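**Student:** Please see the structure below; I have some questions.
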Amino acid sequence: MAQAAAVVQAGPSGYGSAASPSSSPGIDIARVSKTFLVNGAPVEALRDISLAVESGAFVSLVGPSGCGKSTLLRLIAGLETADAGVIRVGDRPIRRPGLDRGMVFQDHRLFPWLTVERNILLSLRRTSYSEKQKQKIVRDLIALVGLKGFEQAQPHQLSGGMSQRAAIARALAPRPDILLLDEPFGALDSLTRTHLQTEFLRIWKHEGITMLMVTHDVEEAVFLSDRVVVIAPRPGRIRRIVDVPLEKPRRRADGAFIALKEEILADLNAAEA
Amino acid sequence: MSASLVGASLAQSGRWRGLVLPGALLLVWVAVAAGGGPKSAVFVSPGAVLAAAREAIESGDLPGAAGATLLRAFLGWSIGSAAGFALGLLLGLSAWSRRAAAPTLHGARQIALFAWIPLLSAWLGNGEAMKIALIALSGFFPVLLHVEAGCRDVPQPYREVARLFAFDRFGEIAFVILPAAAPTIISGLELAFAIAWIGTIGAEYLIGTGYMNASPDGIGAFLAGARENARMDLVVVGILSLALIGFVLDRAVVLASRRAVAWRRQPQ
């Protein structure tokens, strides 16, 4: 069961599939393994992972810390290379990072020497847009993530939530087909986190691109995703894939919502044991 | 600005405390001189120093010497910093060149600055080229080491952002590595300037020119000449002007570098 290939498709309630018909390619992960050397000793981070994420879907990876979920994201981003197996975006196997994939980290990673506007603009350096188009993209994204009026702010002047909004805008600027999110709201206080999750749902609907998010917050995963992939640790492997057939936007107090959350949590606890 | 305004702003900022110690020393000096002072040729009264200062300024000797020293220090520092920057960049960006050149450079760094004088004077003579070379050398190593360390220590997360946005090597260096390393690089330039300033006085004092105490030879030669002629008052004038110019330069450099990397001082 754990090593079986699993095809994840955007459910009927998925915003993404409606907003973006076939332009944005999905992700195809085939029998991927990765082992790291930690102090000279091999540590198996991922074993024989196969997963397909359809275009426009929102998929979350949940699992205990150290289960390799972040490694999987870094492999898709092209920041690491797999020891075995292949990852394809569209039809092309991934070898290195590219503008077709954006990534948002838990730490916002904005450059502290640049303003919000210049941080976003710099991500467009390798695109072929004209200066005027770049200015417009930056302006539109700043409006989309709700940072109007903070264009000239330095990162240190922003709160955690605002920094993360800027980081999301920066990752979206080159118009990626896929956005990879590594615990994007993990460092925020719970009030800001809940608010930003709702905002992010709107951004996803607007952009209509494929989202793959790593989180350890099951409620967050159930709130945002079409599918939740539960990863078991040591070595990291897929334990189970859970459909979330609820209408979006979802209500956290809903009976069905809570039931799904409990089910996944129980599975996670079993995986950790 | 009027004197009262200066007084008011000093009182407000609390910086007047910095004036207490030099003021007290001056008072002690004045008191000792008023009491007759030690009967020695090496003791000079504040009055004599003041008169000597006026004489040196009016004759144009001191301003000329100060100008020459400043010019020499800037020139030597610029040359040394440029060379240190170029080599530091190479070593900071390429592990291969670091492995090849680092042992040699770290060995050369251990040689005391003034130990280079015999070798350099054999190559370059005892003239201006030799002095500039020595000053440049004094500024070279601090810049080299800081640029190398600054470039090498750029946090991995920043480099990953550059990779994610498909930056080429030039883009990574120009827009990520150099800005991230800027605070370290600038402190290297600051340190290099402080060392080059001291190196300049040393070079002027130690390297003979054949015509002592001419203005173009700088404050170092001004001091050497004053000592030769047993003019203790002029020696004190030279030392005090060094302290004053050095202090002003240091403040200016620190202010300029703070402006350049203002983002660094903010809590992250």
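Residues are named by chain letter and number: chains run A, B, ... in the order of the structure tokens, numbers start at 1 in each chain, and ligands are numbered from 1 in the order shown.
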What's around Ile219 of chain B at 9 Å? Count only C-alpha atoms, leave out sequence neighbours fewer than 2 positions away in its own chain, and write the answer as a list in words.
**Tutor:** Leu62, Gly64, Ala65, Ala66, Gly67, Ala68, Thr69, Ile201, Glu204, Tyr205, Asn213, Ser215, Pro216, Asp217, Ala221, Phe222, Leu223, Ala224, Gly238, Ile239, Ser241 and Leu242 of chain B
**Student:** Could you please select, counting only C-alpha atoms, the residues of chain B within 9 Å of chain A and state them as JSON, numbers by chain?
**Tutor:** {"B": [157, 158, 160, 161, 162, 163, 164, 165, 166, 167, 168, 171, 175, 176, 179, 180, 261, 262, 263, 264, 266, 267, 268]}
**Student:** I'd like the contact shell of segment 209-220 of chain A - 9 Å cut-off, only C-alpha atoms, skipping same-chain residues fewer than 3 positions apart - returned as a PyMOL selection string.
**Tutor:** chain A and resi 16-17+19-20+24-27+53-65+69-70+73+176-186+193-194+197+204-206+223-225+228+252+257-258+261-262+264-265
**Student:** Would you mind exporting the chosen residues as a PDB file, in the first residue's frame, restricted to C-alpha atoms?
**Tutor:**
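Once everything was written out, this is out22.pdb:
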```
ATOM      1  CA  GLY A  16      -7.808  25.249  -9.573  1.00  0.00           C
ATOM      2  CA  SER A  17      -9.018  22.889 -12.243  1.00  0.00           C
ATOM      3  CA  ALA A  19      -9.564  28.380 -13.307  1.00  0.00           C
ATOM      4  CA  SER A  20      -6.818  26.746 -15.339  1.00  0.00           C
ATOM      5  CA  SER A  24      -0.431  24.460 -16.082  1.00  0.00           C
ATOM      6  CA  PRO A  25       1.202  21.042 -16.012  1.00  0.00           C
ATOM      7  CA  GLY A  26       0.976  18.686 -13.073  1.00  0.00           C
ATOM      8  CA  ILE A  27       3.756  16.887 -11.245  1.00  0.00           C
ATOM      9  CA  VAL A  53      -0.444  15.709  -8.761  1.00  0.00           C
ATOM     10  CA  GLU A  54      -2.837  16.851 -11.428  1.00  0.00           C
ATOM     11  CA  SER A  55      -2.702  20.298 -12.922  1.00  0.00           C
ATOM     12  CA  GLY A  56      -4.395  22.925 -10.793  1.00  0.00           C
ATOM     13  CA  ALA A  57      -4.778  20.714  -7.732  1.00  0.00           C
ATOM     14  CA  PHE A  58      -3.953  21.735  -4.188  1.00  0.00           C
ATOM     15  CA  VAL A  59      -2.166  18.863  -2.437  1.00  0.00           C
ATOM     16  CA  SER A  60      -0.675  18.824   1.054  1.00  0.00           C
ATOM     17  CA  LEU A  61       2.029  16.586   2.462  1.00  0.00           C
ATOM     18  CA  VAL A  62       1.704  15.951   6.180  1.00  0.00           C
ATOM     19  CA  GLY A  63       3.928  13.871   8.390  1.00  0.00           C
ATOM     20  CA  PRO A  64       6.036  13.923  11.528  1.00  0.00           C
ATOM     21  CA  SER A  65       9.178  16.053  11.434  1.00  0.00           C
ATOM     22  CA  LYS A  69       8.421  15.777   3.199  1.00  0.00           C
ATOM     23  CA  SER A  70      10.589  18.882   2.830  1.00  0.00           C
ATOM     24  CA  LEU A  73       9.616  19.494  -2.085  1.00  0.00           C
ATOM     25  CA  PRO A 176       5.241  29.571 -12.217  1.00  0.00           C
ATOM     26  CA  ASP A 177       3.033  26.594 -13.120  1.00  0.00           C
ATOM     27  CA  ILE A 178       3.644  25.085  -9.720  1.00  0.00           C
ATOM     28  CA  LEU A 179       4.019  26.674  -6.318  1.00  0.00           C
ATOM     29  CA  LEU A 180       5.866  24.635  -3.685  1.00  0.00           C
ATOM     30  CA  LEU A 181       5.161  25.703  -0.107  1.00  0.00           C
ATOM     31  CA  ASP A 182       7.390  24.494   2.721  1.00  0.00           C
ATOM     32  CA  GLU A 183       5.433  25.188   5.931  1.00  0.00           C
ATOM     33  CA  PRO A 184       4.633  28.684   4.670  1.00  0.00           C
ATOM     34  CA  PHE A 185       2.566  29.653   7.701  1.00  0.00           C
ATOM     35  CA  GLY A 186       4.496  27.597  10.259  1.00  0.00           C
ATOM     36  CA  ARG A 193      -2.070  31.894  10.269  1.00  0.00           C
ATOM     37  CA  THR A 194      -5.829  31.350  10.039  1.00  0.00           C
ATOM     38  CA  GLN A 197      -4.876  30.591   5.014  1.00  0.00           C
ATOM     39  CA  TRP A 204      -4.852  30.187  -5.361  1.00  0.00           C
ATOM     40  CA  LYS A 205      -8.269  30.690  -6.976  1.00  0.00           C
ATOM     41  CA  HIS A 206      -6.943  33.815  -8.705  1.00  0.00           C
ATOM     42  CA  PHE A 223      -8.719  23.547   5.114  1.00  0.00           C
ATOM     43  CA  LEU A 224      -6.756  24.159   1.909  1.00  0.00           C
ATOM     44  CA  SER A 225      -6.236  20.887   0.063  1.00  0.00           C
ATOM     45  CA  VAL A 228      -3.824  15.188   1.872  1.00  0.00           C
ATOM     46  CA  ARG A 252     -13.411  24.504  10.525  1.00  0.00           C
ATOM     47  CA  PHE A 257     -14.240  18.811   8.568  1.00  0.00           C
ATOM     48  CA  ILE A 258     -13.497  17.733  12.142  1.00  0.00           C
ATOM     49  CA  LYS A 261      -9.040  16.050  10.611  1.00  0.00           C
ATOM     50  CA  GLU A 262      -9.367  13.430  13.364  1.00  0.00           C
ATOM     51  CA  ILE A 264      -5.748  12.030   9.473  1.00  0.00           C
ATOM     52  CA  LEU A 265      -4.407  12.812  12.957  1.00  0.00           C
TER      53      LEU A 265
END
```
**Student:** Distance atom CA of Val32 of chain B-atom CA of Glu58 of chain B, one decimal place?
**Tutor:** 27.9 Å
**Student:** Compile the contact shell of Lys131 of chain B as number ranges by chain: residues with an atom at most 12 Å away, counting only C-alpha atoms, same-chain residues fewer than 4 positions apart removed.
**Tutor:** B: 69, 71-73, 75-77, 113-114, 116-117, 120-121, 123-127, 135-138, 196, 199-209, 217-218, 220
**Student:** Could you check how far atom CA of Glu199 of chain A sits from atom CA of Glu247 of chain A, in Å to one decimal?
**Tutor:** 16.4 Å
**Student:** Calculate how many Å separate atom CA of Asn119 of chain A from atom CA of Ala256 of chain B, rounding to one decimal.
**Tutor:**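 Computing it gives 24.4 Å between the two atoms.
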**Student:** Measuring between only C-alpha atoms, which one of B:Gly150, B:Pro22, B:Pro46, B:Gly225 shows the shortest distance to Gly88 of chain B?
**Tutor:** B:Gly150
**Student:** Please provide as a PyMOL selection string all residues within 12 Å of Ile87 of chain A, with the sequence filter that same-chain residues fewer than 6 positions apart are discarded (counting only C-alpha atoms).
**Tutor:** chain A and resi 26-33+48-53+72-78+80-81+93-96
**Student:** Generate a file of the selected residues that holds C-alpha atoms, formatted as an mmCIF file, in the first residue's frame.
**Tutor:**
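Result went into selection10.cif, see below:
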```
data_model
loop_
_atom_site.group_PDB
_atom_site.id
_atom_site.type_symbol
_atom_site.label_atom_id
_atom_site.label_comp_id
_atom_site.auth_asym_id
_atom_site.auth_seq_id
_atom_site.Cartn_x
_atom_site.Cartn_y
_atom_site.Cartn_z
ATOM 1 C CA GLY A 26 0.976 18.686 -13.073
ATOM 2 C CA ILE A 27 3.756 16.887 -11.245
ATOM 3 C CA ASP A 28 4.648 13.257 -11.820
ATOM 4 C CA ILE A 29 6.880 11.662 -9.207
ATOM 5 C CA ALA A 30 8.015 8.159 -10.147
ATOM 6 C CA ARG A 31 9.829 5.820 -7.733
ATOM 7 C CA VAL A 32 11.982 8.524 -6.177
ATOM 8 C CA SER A 33 14.503 7.728 -3.447
ATOM 9 C CA ASP A 48 10.405 4.713 -3.534
ATOM 10 C CA ILE A 49 7.950 7.608 -3.610
ATOM 11 C CA SER A 50 5.438 7.713 -6.425
ATOM 12 C CA LEU A 51 2.800 10.400 -6.611
ATOM 13 C CA ALA A 52 0.982 12.255 -9.360
ATOM 14 C CA VAL A 53 -0.444 15.709 -8.761
ATOM 15 C CA LEU A 72 10.500 15.833 -1.562
ATOM 16 C CA LEU A 73 9.616 19.494 -2.085
ATOM 17 C CA ARG A 74 13.288 20.407 -2.576
ATOM 18 C CA LEU A 75 13.644 17.614 -5.120
ATOM 19 C CA ILE A 76 10.723 19.000 -7.118
ATOM 20 C CA ALA A 77 12.195 22.502 -6.846
ATOM 21 C CA GLY A 78 15.470 21.156 -8.225
ATOM 22 C CA GLU A 80 18.399 18.549 -4.573
ATOM 23 C CA THR A 81 18.765 15.646 -6.967
ATOM 24 C CA PRO A 93 12.224 15.629 -16.160
ATOM 25 C CA ILE A 94 13.563 18.035 -13.543
ATOM 26 C CA ARG A 95 17.302 18.583 -13.372
ATOM 27 C CA ARG A 96 17.672 22.023 -11.824
#
```
**Student:** Would you give me, as a PyMOL selection string, the residues in segment 119-243 of chain A that DSSP reads as strand (DSSP E or B)?
**Tutor:** chain A and resi 178-182+210-215+227-232+236-243
**Student:** Check the smallest atom-to-atom distance from each of B:Ser45, B:Ser187, B:Ser78, B:Thr104 to Val28 of chain B using only C-alpha atoms, then report the winner.
**Tutor:** B:Ser45
**Student:** Enumerate as a PyMOL selection string all residues of segment 34-232 of chain A assigned to helix (DSSP H, G or I) by DSSP on the backbone, naming them with the chain letters and numbers the document uses.
**Tutor:** chain A and resi 69-77+116-122+131-144+155-157+160-172+190-207+218-224
**Student:** Would you list the contacts of Ala53 of chain B as a VMD selection string, taking every protein, DNA or RNA residue within 12 Å and counting only C-alpha atoms, but skipping same-chain residues closer than 4 positions in sequence?
**Tutor:** chain B and resid 46 to 49 57 to 63 231 to 241
**Student:** Hey, which of A:Glu151, A:Glu272, A:Glu117, A:Asp140 ends up closest to Ala232 of chain A? Count only C-alpha atoms.
**Tutor:**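 That would be A:Glu272, the residue with the smallest distance to Ala232 of chain A.
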